[in-house]
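Q: Quick one: structure below, then a few questions.
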Amino acid sequence: MDALSEFKAFLQKDSRLDLKAVALAHILSLSGNVDGRKLLSQCPDILNLILDLTTDTTGAISKDAALSLVNISSEEDGAKALLRGCPRLLGMLFGSIFNEKSTLGDPWCMILCNITRQEDLVDEVLQEFERDPDKLNRLVVCFTRKGFNKTGCSLHYIGPTFSNLSQSSKGRELLCDREKMFFQRILPFVEFKDSVIRRGGSVGLLKNVCFDSTRHDWLLSEEVNVLPFLLLPLAGPEEFDDEDNDKFPMELQYLSPDKEREDDPDIRKMLLECLLQLCATRKGREYLRQKGTYEILREYHKWEVKQGDESRATLLACENVVDVLIRTEDEIDQDNLKHMEIPDEVNQ
C-alpha cells in the first residue's frame, strides 16, 4: 500500500502525460491479478484518482482507467470498494452509458454488470433507480434502441445487468412495471442473434421472473405472452401436422425449413428451467399442454440427444419439464408444486 501511495502524484489529471501513462499502465497490470485487485480495493484514494482519469482528455488514458475499474469491480471486495468508497461512481457510470457519443460505454456497462452481480450490492444500485425513476427507463432505451451508441459501443452488458437486478424482489418489481413495460421491451432480445451476452442476459432476467410464481398469470397473459419467447429458441425446422400446428402459438406455426435452435447450451438450459417454473401451477401446466409445449419439446429432445456430452444438463432439464407435462392432473394431485411437502427420506 505504501508503494501504491507513490503513484498518487502521477495519477493526477494535470500530471505529465508520459508519467501518467506509465503509472496507469502499472495500475492496469496490477488489476489483472487477484492479489493486485485486493490491494487496489484497499486504497480508496487510488480508486478515486482512477475514476477521475476515466474523463481524461487523452483517449488512451481514459480507456486504461476504465479497464482498470472493470478488473477491480470483477471481485466482490473491489465492487464494494468502488460503490461505497467512490461517491461519484454511479453518476459518472450512468452519465457515460446514457451518452450516445461516449467511447467508454462498453467498459462502464461491464462495471455496472460486475457491481450488480454481487447480491448485497444490488439493492444499493436499485436505490439509484428509485431516487430517479427515469434512470431505469433510459437504461432500457440504451439496451433496446439499435445503434444507440454512435461510437461503436455495443452496450451488450446491460443485458446481464438486468438479469442481476432481477435477483432482488425490488428489482423484479421495477422491471415488471405494468405501465412502463420494461420487461416486454427487453423480452424480444432472448433471440438476439448477434450477441450471446445480450441474449443470455435477457433470458437470465426471464428466468428470475419465472421463479416468482406470483407473476405466472401475468407472464402467460396476452399482456406479456411469454410462451413463444421460451419455445421459439428451442424449436427447429421439423414439420408438424395441422392438428399440432393449430395448438402452437402463432409464432411457432409452420416454421421455415432453415429454422435453427439456440446454439448456446447454457441459454437452452435456462429456457427449459423457465418452462419448468411455469409448470408449478395447474393453470400453467394446462396452458403449456394446450399450446403444444410437449410436442415442441419432444422434437427438441431428439435433436439435443445428438449434441454430445455438452447436452447432459440440457437433456435433464428438458426431461424434467416433459415428466410434468405428460402426467395427468389426477396423478399430480397438487395445484401448486411449490407447496408440496418433500418426505424426509427424499431430503436425506
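Order determines the names: the first chain of the C-alpha cells is A, the second B, and so forth; residues in each chain are numbered 1 upward, and ligands are numbered 1 upward as they are shown.
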Find the spatial neighbours of region 155-172 of chain A, counting only C-alpha atoms, within a cut-off of 6 Å - ignore same-chain residues fewer than 2 positions away - and output them as a list in words.
A: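 In the requested format, the answer is Asp106, Cys109, Met110, Cys113, Thr116, Arg117, Cys153, Leu174, Leu175, Cys176, Arg198, Gly201, Ser202, Gly204 and Leu205 of chain A.
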Q: Find the spatial neighbours of Pro265 (chain A), counting only C-alpha atoms, within a cut-off of 9 Å - ignore same-chain residues fewer than 6 positions away - and output them as a list of chain:residue names.
A: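 Answer for this query is A:Glu310, A:Ser311, A:Ala313, A:Thr314.
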Q: Please give the complete set of residues from region 198-343 of chain A that DSSP, run on the backbone, assigns to alpha helix (DSSP H), formatted as a VMD selection string.
A: chain A and resid 198 to 210 216 to 220 227 to 231 242 to 247 265 to 278 282 to 290 293 to 305 312 to 325 329 to 332
Q: I'd like the contact shell of Leu121 (chain A) - 9 Å cut-off, only C-alpha atoms, skipping same-chain residues fewer than 4 positions apart - returned as a ChimeraX atom specification.
A: /A:79-80,83,115-117,125-126
Q: Find the residues near Met250 (chain A): any atom within 12 Å, counting only C-alpha atoms, skip ones fewer than 5 places away on the same chain, and give them as JSON, numbers by chain.
A: {"A": [225, 227, 228, 229, 231, 232, 244, 245, 255, 291, 292]}
Q: Using only C-alpha atoms, which protein or nucleic acid residues come within 10 Å of region 177-183 of chain A? Drop anything in the same chain fewer than 3 positions from it, and give the result as a PyMOL selection string.
A: chain A and resi 136-137+139-141+144+162+172-174+186-188+202+205-206+209+218-219+223-224
Q: If we count only C-alpha atoms, what is near Ala280 (chain A) at a cut-off of 12 Å, once residues fewer than 5 positions away on the same chain are taken out, given as an MDAnalysis selection string?
A: chainID A and resid 210:217 273:275 285:288 320:321 324:325 329 332 334:340
Q: May I have the residues within 10 Å of Gly95 (chain A) as a list in words, using only C-alpha atoms and disregarding those fewer than 6 positions away in the same chain?
A: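 The neighbour list is Leu89, Ser102, Gly105 and Trp108 of chain A.
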Q: I need the residues from that last selection saved to file as a compact mmCIF listing (two decimals), in the first residue's frame (with N, CA, C and O atoms), if you can.
A:
# COMPACT_ATOMS: atom_id res chain seq x y z
N LEU A 89 -19.22 7.49 -8.41
CA LEU A 89 -19.15 6.37 -9.36
C LEU A 89 -20.41 6.22 -10.20
O LEU A 89 -20.35 6.22 -11.43
N SER A 102 -20.31 8.56 -26.09
CA SER A 102 -19.25 8.06 -25.20
C SER A 102 -18.51 6.89 -25.85
O SER A 102 -19.12 5.93 -26.33
N GLY A 105 -18.68 3.49 -23.30
CA GLY A 105 -19.96 2.88 -22.91
C GLY A 105 -19.83 1.43 -22.52
O GLY A 105 -20.42 0.98 -21.54
N TRP A 108 -18.03 0.78 -19.08
CA TRP A 108 -18.92 1.20 -17.99
C TRP A 108 -20.08 0.22 -17.81
O TRP A 108 -20.51 -0.05 -16.69
